[in-house]
Amino acid sequence: MIKPITIIGLLALSTFPSLAQQKSKPKTIQKQIKVTPMFESKIDSASYAFGLSMARDLKKRGLKELNAKLVASAIEDFFAGKPSPIKEEDEYKAISDVLTAAAEEQKKEQSAAGDKFLAENKVKQGIHTTASGLQYEVIREATGPKPAATDSVTVNYKGALLDGKVFDSSYDRGEPISFQLNRVIQGWQEGLLLMPVGSHYRFYIPYQLGYGERGAGNDIPPFSVLIFDVELLKIGG
């Protein structure tokens, strides 16, 4: 299924849950929190969850190591009201320096893998490359009309990373999706303009035409080349 953060990135919609999702949620915060057996209280569960959330975010940003003991010590000292051994401005600089270096290393690694794939893919039979760097393959050609940049379209699609991991699929949901063409990522905008209704294309989207240097959610890392199978079902919602 399309995960919330993915469709947000694709359609640039709000990050808030739908009304249907809101209605299905428990009425109180207490009912939402389930204490995992390994923890003795909701605070213990939440504490561990805070740590996981922070670690997940830092890893996504490219950070490969962290001194967990010092992290825990800083949290304990802060809640205990102890004075910090470093100034606040030095905190920001230390964090910025490490994350900037991690992001640069991540960009170098991810970009190299993406560039290698696209360079090898470009010379394969049946692959077309546009001026922007978008690559596409015609799986099935049709003779229907092509959409305009301001049209709404209805499509079925599957999105995957270079390692084959599927992060998004209308096929899995069992229903196509409709959206305004000028509200999706650039690679989709350009690619769908090439497609007659009834066609099935495969897009190979460089990160610059996709989710860029930030990625999307937990499923699409920064600097990711994306592979989309797209069937254009009709023009209009």
# chains A, B, ... in the order shown; residues from 1 in each chain; ligands from 1
>>> residues_around(residues="Ala72 in chain A", least_positions_apart="5", cutoff="12 Å", atoms="only C-alpha atoms", output="ChimeraX atom specification")
/A:47-48,50-51,66-67,77-79
>>> residues_around(residues="range 149-154 of chain A", least_positions_apart="2", cutoff="9 Å", atoms="only C-alpha atoms", output="ChimeraX atom specification")
/A:147,156,176-182,189-190,192-193,231-237
>>> select_by_dssp(residues="range 20-189 of chain A", states="strand (DSSP E or B)", output="ChimeraX atom specification")
/A:127-129,135-140,152-160,166-169,177-180
>>> write_last_selection(atoms="N, CA and C atoms", output="short mmCIF file (atom, residue, chain, number, x, y, z; two decimals), in the first residue's frame")
data_model
loop_
_atom_site.label_atom_id
_atom_site.label_comp_id
_atom_site.auth_asym_id
_atom_site.auth_seq_id
_atom_site.Cartn_x
_atom_site.Cartn_y
_atom_site.Cartn_z
N ILE A 127 15.98 1.09 -23.73
CA ILE A 127 15.99 2.18 -22.74
C ILE A 127 16.14 3.52 -23.45
N HIS A 128 15.26 4.44 -23.13
CA HIS A 128 15.31 5.79 -23.68
C HIS A 128 15.69 6.76 -22.56
N THR A 129 16.46 7.78 -22.90
CA THR A 129 16.90 8.78 -21.91
C THR A 129 16.53 10.17 -22.39
N GLN A 135 15.13 8.06 -17.42
CA GLN A 135 15.19 6.91 -18.31
C GLN A 135 13.85 6.19 -18.27
N TYR A 136 13.42 5.69 -19.43
CA TYR A 136 12.16 4.96 -19.45
C TYR A 136 12.22 3.83 -20.46
N GLU A 137 11.36 2.86 -20.24
CA GLU A 137 11.27 1.67 -21.07
C GLU A 137 9.80 1.44 -21.38
N VAL A 138 9.48 1.19 -22.62
CA VAL A 138 8.10 0.94 -23.01
C VAL A 138 7.80 -0.55 -22.86
N ILE A 139 6.95 -0.88 -21.91
CA ILE A 139 6.55 -2.27 -21.70
C ILE A 139 5.38 -2.61 -22.62
N ARG A 140 4.45 -1.67 -22.71
CA ARG A 140 3.31 -1.82 -23.62
C ARG A 140 2.93 -0.45 -24.16
N SER A 152 -5.54 15.78 -14.70
CA SER A 152 -5.55 14.74 -13.68
C SER A 152 -5.50 13.40 -14.42
N VAL A 153 -4.85 12.43 -13.80
CA VAL A 153 -4.72 11.11 -14.43
C VAL A 153 -5.04 10.02 -13.42
N THR A 154 -5.37 8.86 -13.93
CA THR A 154 -5.60 7.68 -13.09
C THR A 154 -4.62 6.60 -13.53
N VAL A 155 -3.87 6.06 -12.58
CA VAL A 155 -2.81 5.11 -12.91
C VAL A 155 -2.79 3.94 -11.94
N ASN A 156 -2.20 2.85 -12.38
CA ASN A 156 -1.74 1.78 -11.52
C ASN A 156 -0.23 1.81 -11.56
N TYR A 157 0.42 1.50 -10.46
CA TYR A 157 1.88 1.60 -10.45
C TYR A 157 2.49 0.79 -9.32
N LYS A 158 3.79 0.57 -9.47
CA LYS A 158 4.60 -0.07 -8.43
C LYS A 158 5.93 0.66 -8.38
N GLY A 159 6.39 1.01 -7.18
CA GLY A 159 7.67 1.69 -7.02
C GLY A 159 8.65 0.85 -6.24
N ALA A 160 9.91 0.81 -6.70
CA ALA A 160 10.93 0.00 -6.04
C ALA A 160 12.26 0.74 -6.02
N VAL A 166 10.18 -3.16 -2.87
CA VAL A 166 8.99 -2.41 -3.27
C VAL A 166 8.53 -1.56 -2.09
N PHE A 167 8.46 -0.25 -2.30
CA PHE A 167 8.07 0.64 -1.22
C PHE A 167 6.65 1.17 -1.40
N ASP A 168 6.05 0.89 -2.56
CA ASP A 168 4.77 1.53 -2.86
C ASP A 168 4.12 0.79 -4.03
N SER A 169 2.84 0.43 -3.92
CA SER A 169 2.20 -0.30 -5.00
C SER A 169 0.68 -0.17 -4.94
N ILE A 177 -4.86 4.91 -8.48
CA ILE A 177 -4.86 6.20 -7.81
C ILE A 177 -5.01 7.31 -8.84
N SER A 178 -5.72 8.36 -8.46
CA SER A 178 -5.90 9.52 -9.33
C SER A 178 -5.24 10.74 -8.68
N PHE A 179 -4.64 11.59 -9.49
CA PHE A 179 -3.99 12.78 -8.97
C PHE A 179 -3.78 13.78 -10.10
N GLN A 180 -3.53 15.02 -9.72
CA GLN A 180 -3.22 16.05 -10.70
C GLN A 180 -1.76 15.94 -11.08
#
>>> closest_residue(among="A:Thr130, A:Gln208, A:Asn218, A:Thr143", to="Asp115 in chain A", atoms="only C-alpha atoms")
A:Gln208
>>> atom_distance(atom1="CA of Val230 in chain A", atom2="CA of Tyr201 in chain A")
5.4 Å
